[in-house]
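For reference, run36.csv is printed below; it contains CSV, C-alpha atoms.
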```
chain,number,residue,atom,x,y,z
Q,343,MET,CA,-56.7,-72.1,205.2
Q,344,LYS,CA,-59.0,-71.6,202.3
Q,345,ARG,CA,-58.0,-72.4,198.8
Q,346,VAL,CA,-59.8,-72.5,195.4
Q,347,PHE,CA,-58.6,-74.4,192.5
Q,348,LEU,CA,-60.2,-73.1,189.3
Q,349,ILE,CA,-59.5,-75.2,186.2
Q,350,VAL,CA,-60.6,-74.0,182.8
Q,351,LEU,CA,-61.0,-76.8,180.2
Q,352,ASP,CA,-60.4,-74.6,177.3
Q,353,SER,CA,-63.4,-74.6,174.8
Q,354,VAL,CA,-65.4,-77.4,176.5
Q,355,GLY,CA,-68.8,-75.9,175.8
Q,356,ILE,CA,-72.0,-77.8,176.5
Q,357,GLY,CA,-74.5,-76.5,173.9
Q,358,GLU,CA,-75.4,-73.4,171.9
Q,359,MET,CA,-76.6,-70.2,173.6
Q,360,PRO,CA,-79.8,-68.5,172.4
Q,361,ASP,CA,-77.8,-66.0,170.4
Q,362,ALA,CA,-75.6,-68.6,168.7
Q,363,LYS,CA,-77.1,-67.8,165.3
Q,364,ASP,CA,-75.6,-64.3,165.6
Q,365,TYR,CA,-72.2,-65.9,165.6
Q,366,GLY,CA,-72.8,-68.5,163.0
Q,367,ASP,CA,-72.8,-71.3,165.6
Q,368,GLU,CA,-76.3,-72.8,165.5
Q,369,GLY,CA,-76.2,-76.5,166.4
Q,370,SER,CA,-72.8,-76.3,168.2
Q,371,ASN,CA,-72.4,-78.6,171.2
Q,372,THR,CA,-68.8,-79.5,172.0
Q,373,LEU,CA,-69.4,-81.9,174.8
Q,374,LEU,CA,-72.2,-83.7,173.0
Q,375,SER,CA,-70.0,-84.2,169.9
Q,376,CYS,CA,-67.3,-85.8,172.1
Q,377,THR,CA,-69.7,-88.2,173.9
Q,378,ARG,CA,-70.3,-89.8,170.5
Q,379,SER,CA,-66.7,-90.9,170.2
Q,380,SER,CA,-65.7,-94.3,171.4
Q,381,ARG,CA,-62.8,-92.7,173.2
Q,382,TYR,CA,-65.0,-90.7,175.5
Q,383,PHE,CA,-65.2,-92.0,179.1
Q,384,LEU,CA,-65.7,-89.7,182.1
Q,385,PRO,CA,-66.8,-91.7,185.1
Q,386,ASN,CA,-65.3,-89.4,187.6
Q,387,MET,CA,-66.9,-86.2,186.2
Q,388,GLU,CA,-70.2,-88.2,185.9
Q,389,ARG,CA,-70.0,-89.0,189.6
Q,390,LEU,CA,-69.5,-85.3,190.3
Q,391,GLY,CA,-72.6,-84.6,188.3
Q,392,ILE,CA,-71.7,-83.3,184.8
Q,393,GLY,CA,-74.7,-85.3,183.4
Q,394,ALA,CA,-77.1,-83.4,185.7
Q,395,ILE,CA,-76.4,-79.9,184.3
Q,396,ASP,CA,-79.3,-78.0,182.7
Q,397,GLY,CA,-79.6,-78.9,179.1
Q,398,VAL,CA,-76.9,-81.6,179.4
Q,399,ARG,CA,-79.2,-84.0,181.2
Q,400,ASP,CA,-81.5,-84.0,178.2
Q,401,TRP,CA,-78.9,-85.8,176.1
Q,402,TYR,CA,-76.1,-87.1,178.3
Q,403,PRO,CA,-75.6,-90.9,177.8
Q,404,GLU,CA,-76.1,-93.3,180.7
Q,405,ARG,CA,-73.5,-96.0,181.2
Q,406,LYS,CA,-75.6,-99.1,181.3
Q,407,GLY,CA,-73.3,-101.8,182.4
Q,408,GLU,CA,-70.6,-101.1,179.9
Q,409,GLN,CA,-67.1,-102.0,181.0
Q,410,LYS,CA,-64.0,-100.1,179.8
Q,411,GLU,CA,-60.5,-100.4,181.0
Q,412,GLY,CA,-60.2,-98.6,184.4
Q,413,GLY,CA,-64.0,-98.1,184.6
Q,414,SER,CA,-66.4,-99.6,187.0
Q,415,GLY,CA,-69.2,-100.4,184.6
Q,416,GLU,CA,-72.0,-99.2,186.9
Q,417,VAL,CA,-75.0,-97.2,185.7
Q,418,LEU,CA,-74.1,-93.5,186.2
Q,419,LYS,CA,-77.3,-91.5,186.4
Q,420,PRO,CA,-77.7,-87.8,187.0
Q,421,ALA,CA,-79.3,-88.4,190.4
Q,422,GLY,CA,-77.1,-89.0,193.4
Q,423,TYR,CA,-74.0,-87.2,192.2
Q,424,SER,CA,-71.4,-86.1,194.8
Q,425,GLY,CA,-70.5,-82.6,193.5
Q,426,ALA,CA,-72.3,-79.3,192.8
Q,427,VAL,CA,-73.0,-78.3,189.2
Q,428,GLY,CA,-74.4,-75.5,187.0
Q,429,ARG,CA,-74.5,-74.0,183.6
Q,430,LEU,CA,-73.2,-70.5,182.8
Q,431,ALA,CA,-74.1,-68.2,179.9
Q,432,GLU,CA,-71.7,-65.7,178.5
Q,433,ALA,CA,-72.8,-62.1,179.0
Q,434,SER,CA,-69.9,-60.6,177.1
Q,435,LYS,CA,-70.0,-59.9,173.4
Q,436,GLY,CA,-67.7,-62.5,171.9
Q,437,LYS,CA,-66.6,-66.1,172.1
Q,438,ASP,CA,-62.8,-66.0,172.5
Q,439,THR,CA,-60.4,-67.0,175.1
Q,440,THR,CA,-59.6,-63.5,176.5
Q,441,THR,CA,-63.2,-62.5,176.7
Q,442,GLY,CA,-64.2,-65.7,178.4
Q,443,HIS,CA,-61.5,-65.7,181.0
Q,444,TRP,CA,-61.9,-62.0,181.8
Q,445,GLU,CA,-65.6,-62.7,182.4
Q,446,ILE,CA,-64.9,-65.6,184.7
Q,447,ALA,CA,-62.8,-63.2,186.7
Q,448,GLY,CA,-65.6,-60.6,186.8
Q,449,LEU,CA,-65.0,-58.4,183.8
Q,450,VAL,CA,-67.9,-58.4,181.3
Q,451,SER,CA,-66.9,-57.1,177.9
Q,452,LYS,CA,-70.0,-55.3,176.4
Q,453,THR,CA,-68.1,-54.2,173.2
Q,454,PRO,CA,-66.6,-57.0,171.1
Q,455,MET,CA,-62.9,-57.0,170.4
Q,456,PRO,CA,-62.1,-56.2,166.7
Q,457,LEU,CA,-62.1,-59.0,164.1
Q,458,PHE,CA,-60.4,-58.9,160.7
Q,459,PRO,CA,-62.2,-61.4,158.4
Q,460,GLU,CA,-60.5,-59.8,155.3
Q,461,GLY,CA,-57.1,-59.7,156.9
Q,462,PHE,CA,-55.3,-56.7,158.5
Q,463,PRO,CA,-55.4,-53.3,156.8
Q,464,ARG,CA,-52.2,-52.1,155.0
Q,465,GLU,CA,-51.8,-49.2,157.4
Q,466,LEU,CA,-51.2,-51.6,160.2
Q,467,LEU,CA,-49.1,-54.0,158.3
Q,468,ASP,CA,-46.9,-51.3,156.7
Q,469,GLU,CA,-46.0,-50.0,160.1
Q,470,PHE,CA,-45.5,-53.5,161.4
Q,471,GLU,CA,-43.1,-54.3,158.5
Q,472,ARG,CA,-41.3,-51.0,159.0
Q,473,ARG,CA,-40.8,-51.6,162.7
Q,474,THR,CA,-39.7,-55.2,162.4
Q,475,GLY,CA,-37.7,-55.0,159.2
Q,476,ARG,CA,-39.4,-58.0,157.7
Q,477,GLY,CA,-42.1,-58.5,155.1
Q,478,THR,CA,-45.3,-60.4,155.7
Q,479,LEU,CA,-47.1,-63.4,154.2
Q,480,CYS,CA,-50.7,-64.8,154.3
Q,481,ASN,CA,-52.6,-61.9,156.1
Q,482,ARG,CA,-56.0,-63.5,156.2
Q,483,PRO,CA,-58.0,-65.8,158.5
Q,484,TYR,CA,-56.2,-69.2,158.4
Q,485,SER,CA,-55.7,-72.4,160.3
Q,486,GLY,CA,-52.4,-72.2,162.1
Q,487,THR,CA,-51.2,-75.6,160.9
Q,488,ASP,CA,-52.3,-74.8,157.3
Q,489,ALA,CA,-50.5,-71.5,157.5
Q,490,ILE,CA,-47.1,-73.0,158.1
Q,491,ARG,CA,-47.8,-75.8,155.6
Q,492,ASP,CA,-48.8,-73.3,152.8
Q,493,PHE,CA,-46.4,-70.4,153.6
Q,494,GLY,CA,-43.6,-72.0,155.6
Q,495,GLU,CA,-41.3,-72.7,152.7
Q,496,GLU,CA,-41.6,-69.2,151.3
Q,497,HIS,CA,-41.0,-67.9,154.8
Q,498,MET,CA,-37.7,-69.8,155.1
Q,499,LYS,CA,-36.5,-68.5,151.7
Q,500,THR,CA,-37.4,-64.8,152.3
Q,501,GLY,CA,-37.5,-64.3,156.1
Q,502,ALA,CA,-41.0,-62.8,155.7
Q,503,LEU,CA,-43.3,-63.4,158.7
Q,504,ILE,CA,-46.4,-65.5,158.4
Q,505,VAL,CA,-49.1,-63.2,159.8
Q,506,TYR,CA,-52.7,-64.4,160.0
Q,507,THR,CA,-55.9,-64.1,162.1
Q,508,SER,CA,-59.0,-66.3,162.7
Q,509,ALA,CA,-62.6,-65.8,163.7
Q,510,ASP,CA,-61.2,-64.6,167.0
Q,511,SER,CA,-59.6,-61.3,167.8
Q,512,VAL,CA,-56.0,-62.3,167.3
Q,513,PHE,CA,-52.9,-61.2,165.4
Q,514,GLN,CA,-50.8,-64.3,165.0
Q,515,VAL,CA,-47.2,-64.4,163.9
Q,516,ALA,CA,-45.6,-67.7,162.8
Q,517,ALA,CA,-41.9,-68.1,162.2
Q,518,HIS,CA,-39.4,-71.0,161.9
Q,519,GLU,CA,-37.0,-71.0,164.9
Q,520,SER,CA,-34.0,-71.4,162.6
Q,521,VAL,CA,-35.1,-68.2,160.6
Q,522,VAL,CA,-36.3,-66.1,163.5
Q,523,PRO,CA,-34.8,-66.9,166.9
Q,524,ILE,CA,-37.4,-67.3,169.6
Q,525,GLN,CA,-36.4,-64.2,171.5
Q,526,GLU,CA,-36.6,-62.1,168.3
Q,527,LEU,CA,-40.1,-63.6,167.6
Q,528,TYR,CA,-41.2,-62.5,171.0
Q,529,GLU,CA,-39.8,-59.0,170.4
Q,530,ILE,CA,-41.7,-58.9,167.1
Q,531,CYS,CA,-44.9,-59.8,168.9
Q,532,GLU,CA,-44.3,-57.1,171.5
Q,533,THR,CA,-44.0,-54.6,168.6
Q,534,ALA,CA,-47.3,-55.9,167.2
Q,535,ARG,CA,-48.9,-55.6,170.6
Q,536,GLU,CA,-47.8,-51.9,170.8
Q,537,LEU,CA,-49.3,-51.3,167.3
Q,538,CYS,CA,-52.6,-53.2,168.0
Q,539,THR,CA,-54.4,-50.6,169.9
Q,540,GLY,CA,-57.5,-48.4,169.3
Q,541,LYS,CA,-59.4,-49.8,166.3
Q,542,PHE,CA,-56.7,-52.5,166.0
Q,543,ALA,CA,-56.9,-53.6,169.6
Q,544,VAL,CA,-57.1,-57.4,169.2
Q,545,GLY,CA,-57.4,-59.5,172.3
Q,546,ARG,CA,-54.2,-61.3,171.7
Q,547,VAL,CA,-51.0,-61.2,169.7
Q,548,ILE,CA,-49.7,-64.7,169.5
Q,549,ALA,CA,-46.2,-65.9,168.8
Q,550,ARG,CA,-46.4,-69.2,166.8
Q,551,PRO,CA,-42.9,-70.7,166.5
Q,552,PHE,CA,-42.4,-73.8,164.4
Q,553,GLU,CA,-39.6,-76.1,163.2
Q,554,GLY,CA,-39.0,-79.0,160.8
Q,555,GLU,CA,-38.6,-79.2,157.0
Q,556,ALA,CA,-41.0,-78.4,154.2
Q,557,GLY,CA,-43.8,-81.0,154.1
Q,558,SER,CA,-43.3,-81.8,157.8
Q,559,PHE,CA,-43.4,-78.4,159.6
Q,560,ARG,CA,-44.6,-78.7,163.2
Q,561,ARG,CA,-45.3,-76.1,165.9
Q,562,THR,CA,-43.0,-76.0,168.9
Q,563,GLU,CA,-44.1,-75.6,172.6
Q,564,ARG,CA,-42.7,-72.0,172.8
Q,565,ARG,CA,-45.9,-70.3,171.8
Q,566,HIS,CA,-46.5,-67.1,173.8
Q,567,ASP,CA,-49.6,-64.9,174.0
Q,568,PHE,CA,-49.4,-61.1,174.4
Q,569,SER,CA,-52.8,-60.0,175.6
Q,570,LEU,CA,-54.5,-56.7,176.2
Q,571,VAL,CA,-54.3,-55.5,179.8
Q,572,PRO,CA,-57.7,-55.9,181.4
Q,573,PRO,CA,-59.2,-52.3,181.5
Q,574,LYS,CA,-60.6,-52.8,185.0
Q,575,ASP,CA,-59.7,-54.7,188.1
Q,576,THR,CA,-60.8,-58.3,188.3
Q,577,MET,CA,-61.3,-60.9,191.0
Q,578,LEU,CA,-57.6,-61.6,190.7
Q,579,ASP,CA,-56.6,-58.0,191.6
Q,580,GLU,CA,-59.1,-58.0,194.6
Q,581,LEU,CA,-57.5,-61.2,195.9
Q,582,LEU,CA,-54.0,-59.9,195.7
Q,583,ALA,CA,-55.0,-56.5,197.2
Q,584,HIS,CA,-56.3,-58.4,200.3
Q,585,GLY,CA,-53.2,-60.5,200.8
Q,586,LYS,CA,-54.3,-63.7,199.1
Q,587,GLU,CA,-52.1,-65.6,196.7
Q,588,VAL,CA,-53.0,-65.8,193.0
Q,589,LEU,CA,-51.2,-68.7,191.3
Q,590,ALA,CA,-51.5,-69.1,187.6
Q,591,VAL,CA,-50.9,-72.3,185.5
Q,592,GLY,CA,-50.8,-72.4,181.7
Q,593,LYS,CA,-51.6,-69.3,179.7
Q,594,ILE,CA,-53.6,-67.6,182.5
Q,595,ASN,CA,-50.7,-65.1,183.1
Q,596,ASP,CA,-50.7,-64.2,179.4
Q,597,ILE,CA,-54.4,-63.8,179.2
Q,598,PHE,CA,-54.4,-61.2,181.9
Q,599,ALA,CA,-51.1,-59.7,180.8
Q,600,GLY,CA,-49.8,-60.4,184.3
Q,601,LYS,CA,-52.4,-58.1,185.9
Q,602,GLY,CA,-53.6,-59.6,189.2
Q,603,ILE,CA,-51.2,-62.6,189.0
Q,604,GLY,CA,-48.8,-63.2,191.9
Q,605,GLU,CA,-46.9,-66.2,190.6
Q,606,PHE,CA,-47.2,-68.3,187.4
Q,607,MET,CA,-46.0,-71.4,185.7
Q,608,ARG,CA,-46.3,-71.9,181.9
Q,609,THR,CA,-47.0,-75.4,180.6
Q,610,SER,CA,-46.3,-77.6,177.6
Q,611,GLY,CA,-49.8,-79.2,177.4
Q,612,ASN,CA,-52.6,-80.6,179.5
Q,613,ALA,CA,-50.6,-83.3,181.3
Q,614,ASP,CA,-48.0,-80.7,182.3
Q,615,GLY,CA,-50.8,-78.3,183.4
Q,616,ILE,CA,-52.3,-81.0,185.6
Q,617,ASP,CA,-48.9,-81.8,187.1
Q,618,LYS,CA,-48.2,-78.2,187.9
Q,619,THR,CA,-51.6,-77.7,189.4
Q,620,ILE,CA,-50.9,-80.7,191.6
Q,621,ALA,CA,-47.6,-79.2,192.6
Q,622,TYR,CA,-49.4,-76.1,193.8
Q,623,MET,CA,-52.0,-78.2,195.6
Q,624,LYS,CA,-49.2,-79.7,197.6
Q,625,ARG,CA,-48.1,-76.3,198.7
Q,626,LYS,CA,-49.5,-74.4,201.7
Q,627,PHE,CA,-51.2,-71.1,200.7
Q,628,GLU,CA,-54.4,-69.2,201.0
Q,629,GLY,CA,-56.0,-67.9,197.8
Q,630,LEU,CA,-56.6,-69.0,194.3
Q,631,CYS,CA,-54.8,-71.4,191.8
Q,632,PHE,CA,-56.2,-70.6,188.3
Q,633,THR,CA,-55.3,-73.2,185.6
Q,634,ASN,CA,-56.0,-73.2,181.9
Q,635,LEU,CA,-55.7,-76.6,180.0
Q,636,VAL,CA,-55.4,-75.5,176.4
Q,637,ASP,CA,-55.1,-78.8,174.4
Q,638,TYR,CA,-58.8,-79.3,173.9
Q,639,ASP,CA,-59.0,-76.1,171.9
Q,640,MET,CA,-55.6,-75.8,170.3
Q,641,LEU,CA,-54.9,-79.4,169.3
Q,642,TYR,CA,-58.4,-80.8,168.7
Q,643,GLY,CA,-61.3,-78.3,168.5
Q,644,HIS,CA,-59.6,-76.1,165.9
Q,645,ARG,CA,-58.6,-79.2,163.9
Q,646,ASN,CA,-62.0,-80.9,164.0
Q,647,ASP,CA,-60.5,-83.9,165.7
Q,648,VAL,CA,-63.5,-85.4,167.6
Q,649,ASP,CA,-61.7,-88.5,168.8
Q,650,GLY,CA,-58.6,-86.6,169.9
Q,651,TYR,CA,-60.8,-84.1,171.8
Q,652,ALA,CA,-62.7,-87.0,173.5
Q,653,GLU,CA,-59.5,-88.8,174.4
Q,654,ALA,CA,-58.1,-85.6,176.0
Q,655,LEU,CA,-61.3,-85.3,178.1
Q,656,THR,CA,-60.9,-88.9,179.1
Q,657,TYR,CA,-57.3,-88.2,180.1
Q,658,PHE,CA,-58.4,-85.3,182.4
Q,659,ASP,CA,-61.0,-87.5,184.0
Q,660,SER,CA,-58.4,-90.2,184.7
Q,661,ARG,CA,-56.3,-87.6,186.6
Q,662,LEU,CA,-59.3,-86.1,188.4
Q,663,PRO,CA,-59.0,-88.5,191.4
Q,664,GLU,CA,-55.5,-87.2,192.0
Q,665,LEU,CA,-56.8,-83.7,192.2
Q,666,LEU,CA,-59.7,-84.6,194.5
Q,667,ALA,CA,-57.4,-86.5,196.9
Q,668,LEU,CA,-55.3,-83.4,197.5
Q,669,LEU,CA,-58.2,-81.2,198.5
Q,670,GLY,CA,-58.1,-80.0,202.1
Q,671,GLU,CA,-61.1,-79.5,204.3
Q,672,GLU,CA,-61.6,-75.9,203.2
Q,673,ASP,CA,-60.5,-76.4,199.5
Q,674,ILE,CA,-62.9,-76.0,196.6
Q,675,LEU,CA,-62.3,-77.3,193.1
Q,676,MET,CA,-64.1,-75.6,190.3
Q,677,ILE,CA,-64.0,-77.0,186.7
Q,678,THR,CA,-65.4,-74.9,183.9
Q,679,ALA,CA,-64.7,-73.6,180.4
Q,680,ASP,CA,-64.4,-70.3,178.5
Q,681,HIS,CA,-66.4,-70.9,175.3
Q,682,GLY,CA,-67.0,-73.8,172.9
Q,683,CYS,CA,-65.1,-75.2,169.9
Q,684,ASP,CA,-67.2,-78.0,168.5
Q,685,PRO,CA,-64.9,-80.4,166.7
Q,686,ALA,CA,-67.8,-82.0,164.8
Q,687,THR,CA,-69.1,-78.9,163.0
Q,688,PRO,CA,-67.6,-77.7,159.7
Q,689,SER,CA,-66.2,-74.6,161.4
Q,690,THR,CA,-62.8,-74.8,163.0
Q,691,ASP,CA,-63.4,-71.7,165.1
Q,692,HIS,CA,-64.7,-71.1,168.6
Q,693,SER,CA,-68.5,-71.5,169.2
Q,694,ARG,CA,-70.9,-69.5,171.2
Q,695,GLU,CA,-72.0,-72.0,173.9
Q,696,TYR,CA,-72.9,-72.3,177.5
Q,697,VAL,CA,-70.1,-73.7,179.7
Q,698,PRO,CA,-70.3,-76.2,182.5
Q,699,LEU,CA,-69.4,-75.7,186.1
Q,700,VAL,CA,-68.6,-78.8,188.2
Q,701,MET,CA,-67.5,-78.3,191.8
Q,702,ALA,CA,-66.2,-80.5,194.6
Q,703,GLY,CA,-64.5,-80.3,198.0
Q,704,GLY,CA,-65.2,-80.3,201.7
Q,705,PRO,CA,-67.4,-77.1,201.7
Q,706,ILE,CA,-69.5,-78.3,198.7
Q,707,LYS,CA,-73.1,-79.6,199.3
Q,708,ALA,CA,-73.3,-82.9,197.4
Q,709,GLY,CA,-76.0,-83.2,194.8
Q,710,THR,CA,-76.5,-79.4,194.3
Q,711,ASN,CA,-77.6,-78.0,191.0
Q,712,ILE,CA,-77.5,-74.2,190.8
Q,713,GLY,CA,-79.3,-74.1,187.4
Q,714,THR,CA,-78.3,-71.7,184.7
Q,715,LYS,CA,-76.5,-68.5,185.6
Q,716,GLU,CA,-76.5,-65.3,183.5
Q,717,THR,CA,-72.8,-64.8,183.4
Q,718,PHE,CA,-69.5,-66.5,183.9
Q,719,ALA,CA,-68.7,-63.6,186.3
Q,720,ASP,CA,-70.7,-65.4,189.0
Q,721,ILE,CA,-67.6,-67.6,189.4
Q,722,GLY,CA,-65.4,-64.6,190.3
Q,723,ALA,CA,-68.0,-63.2,192.6
Q,724,THR,CA,-68.4,-66.5,194.4
Q,725,ILE,CA,-64.7,-66.9,194.9
Q,726,LEU,CA,-64.4,-63.5,196.4
Q,727,ASP,CA,-67.4,-64.2,198.6
Q,728,TYR,CA,-65.7,-67.4,199.8
Q,729,PHE,CA,-62.8,-65.3,201.1
Q,730,GLY,CA,-65.1,-62.8,202.7
Q,731,LEU,CA,-64.5,-60.2,199.9
Q,732,LYS,CA,-66.8,-58.3,197.6
Q,733,GLY,CA,-64.9,-56.2,195.1
Q,734,LYS,CA,-66.2,-54.0,192.3
Q,735,ILE,CA,-66.7,-56.7,189.7
Q,736,SER,CA,-69.6,-58.1,187.8
Q,737,GLY,CA,-71.5,-61.2,188.8
Q,738,GLU,CA,-73.5,-62.5,191.8
Q,739,SER,CA,-72.2,-65.0,194.3
Q,740,PHE,CA,-73.9,-68.4,194.5
Q,741,LEU,CA,-71.8,-69.4,197.6
Q,742,LYS,CA,-74.9,-69.9,199.8
Q,743,GLU,CA,-76.3,-72.3,197.2
Q,744,ILE,CA,-73.3,-74.6,197.1
Q,745,CYS,CA,-71.7,-74.6,200.6
Q,746,VAL,CA,-72.6,-76.6,203.6
Q,747,SER,CA,-74.0,-74.4,206.4
Q,748,HIS,CA,-71.1,-74.5,208.8
Q,749,ILE,CA,-68.7,-73.0,206.2
Q,750,LEU,CA,-70.7,-69.8,205.7
```
As structure tokens, how would this structure be written, given the file I've shared?
Amino acid sequence: MKRVFLIVLDSVGIGEMPDAKDYGDEGSNTLLSCTRSSRYFLPNMERLGIGAIDGVRDWYPERKGEQKEGGSGEVLKPAGYSGAVGRLAEASKGKDTTTGHWEIAGLVSKTPMPLFPEGFPRELLDEFERRTGRGTLCNRPYSGTDAIRDFGEEHMKTGALIVYTSADSVFQVAAHESVVPIQELYEICETARELCTGKFAVGRVIARPFEGEAGSFRRTERRHDFSLVPPKDTMLDELLAHGKEVLAVGKINDIFAGKGIGEFMRTSGNADGIDKTIAYMKRKFEGLCFTNLVDYDMLYGHRNDVDGYAEALTYFDSRLPELLALLGEEDILMITADHGCDPATPSTDHSREYVPLVMAGGPIKAGTNIGTKETFADIGATILDYFGLKGKISGESFLKEICVSHIL
């Protein structure tokens, strides 16, 4: 019974790509920034080989006898690691969540999704306001927490919706739950999704509910993403079509608009995402469990919180032994990312970075480095190959590079 557990650490990039300057991201390196925090401690990922990845090994810190609570204090060098590792470049045009995840699943986006650095045009907002019966506030690129701070009070007085975007292809709608009930907010975002097509076809429409009083507004956990439907079949569709299960944890179902997903569980944060992944690991199935852990990006990267980001990575590392212990003989664990979001740069937006790939499990050849691959889509191709499938997706399988011979 073969199973693959694919975990995306949302925005954990490992260094700028050669075209980073085209995106305004020169000098970005999300993981490097986190290693400089006193709250960063990843002994389990280090044992699997994260410090041996191309580029990373040039700057990754060695642990020379330092002792932290729960740590062993040994020197953790790139040599002698127990997993398989690699570095992946993004072939798609973009640096957003939807583009990154679609590419992981084998769909390379050669045309970037539309951006609105000056806000959305009136022709779109006028129709949105007509359809929803509510006015709009803000309408420009904005930090989500700043948007509810600066416009929340006016929203509560008028009922107008806080509409904003970012450097990503998103149409975000924030509303206080006492002013716009959550189901109405979801219906409003479904309307926005219907309108955001053609030249307005943003990757995601995002419902951003919040609560609290002026001066202390806070987002709730009932965020919901309304994504474009992938224009082509992905690795997920191929798996389902061939009788394999596709289980989604976190916002994976939203990112793919349900296409190719067999069953899903939403989450309230990284801890819940890990718990729900573990619940699936304890279940018998053949196929893929695809998890997104969003806190790195949403709570820390976009808020330039280096220590918080580092602490979140440390928390994942502390839970990693639980995941490894539940792997069966034919199970593969893949840990990767979808883009960067360097919390130490002035920008609060995503960054155009390489992403890591760290793999473990019975079929994995220990101490394997697959180098740098040209596209995230190689992950999808490799997963299909593991199940004896090909599919009409982008990417090349690296299965023979990472698997012990008797598995092939």
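With all atoms listed in the file as the atoms that count, the minimum distance from Q:Ser610 to the choices Q:Val521, Q:Met640, Q:Leu449, Q:Cys376 is reached by Q:Met640.
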*Using only C-alpha atoms, which residues sit within 8 Å of Q:Gly397 once same-chain residues fewer than 3 positions away are excluded, as a VMD selection string?*
chain Q and resid 357 400 to 401
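As for atom CA of Q:Glu496 and atom CA of Q:Pro551, they are spaced 15.3 Å apart.
Considering the residues Q:Met623, Q:Ala549, Q:Val346, Q:Val591 and counting all atoms listed in the file, Q:Pro705 has its shortest atom-to-atom contact with Q:Val346.
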Skip Q:Ala723 itself and residues of its chain fewer than 6 positions away, then list as a short mmCIF file (atom, residue, chain, number, x, y, z; two decimals) with C-alpha atoms, in the frame of the given file all residues within 10 Å of it, counting only C-alpha atoms.
```
data_model
loop_
_atom_site.label_atom_id
_atom_site.label_comp_id
_atom_site.auth_asym_id
_atom_site.auth_seq_id
_atom_site.Cartn_x
_atom_site.Cartn_y
_atom_site.Cartn_z
CA ILE Q 446 -64.90 -65.60 184.70
CA ALA Q 447 -62.80 -63.20 186.70
CA GLY Q 448 -65.60 -60.60 186.80
CA THR Q 576 -60.80 -58.30 188.30
CA MET Q 577 -61.30 -60.90 191.00
CA LEU Q 731 -64.50 -60.20 199.90
CA LYS Q 732 -66.80 -58.30 197.60
CA GLY Q 733 -64.90 -56.20 195.10
CA LYS Q 734 -66.20 -54.00 192.30
CA ILE Q 735 -66.70 -56.70 189.70
CA SER Q 736 -69.60 -58.10 187.80
CA GLY Q 737 -71.50 -61.20 188.80
CA GLU Q 738 -73.50 -62.50 191.80
CA SER Q 739 -72.20 -65.00 194.30
CA PHE Q 740 -73.90 -68.40 194.50
CA LEU Q 741 -71.80 -69.40 197.60
#
```
*Can you find the residues with an atom no farther than 12 Å from (-69.0, -72.3, 173.8), counting only C-alpha atoms, and report them as number ranges by chain?*
Q: 351-362, 365, 367-374, 429-432, 436-439, 441-442, 639, 643, 678-685, 691-698, 718
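Using only C-alpha atoms, the contacts of Q:Thr478 at a cut-off of 12 Å, with sequence neighbours closer than 4 positions omitted, comprise Gly461, Phe462, Arg464, Leu466, Leu467, Asp468, Glu469, Phe470, Glu471, Arg472, Thr474, Arg482, Phe493, Gly494, Glu496, His497, Thr500, Gly501, Ala502, Leu503, Ile504, Val505, Tyr506, Gln514, Val515, Ala516 and Ala517 of chain Q.
Proximity to Q:Thr717 was assessed for Q:Thr539, Q:Ser434, Q:Thr562, Q:Gln525 counting all atoms listed in the file; the smallest distance is recorded for Q:Ser434.
Closest approach to Q:Arg564 among Q:Arg661, Q:His518, Q:His644, Q:Lys742: Q:His518, based on only C-alpha atoms.
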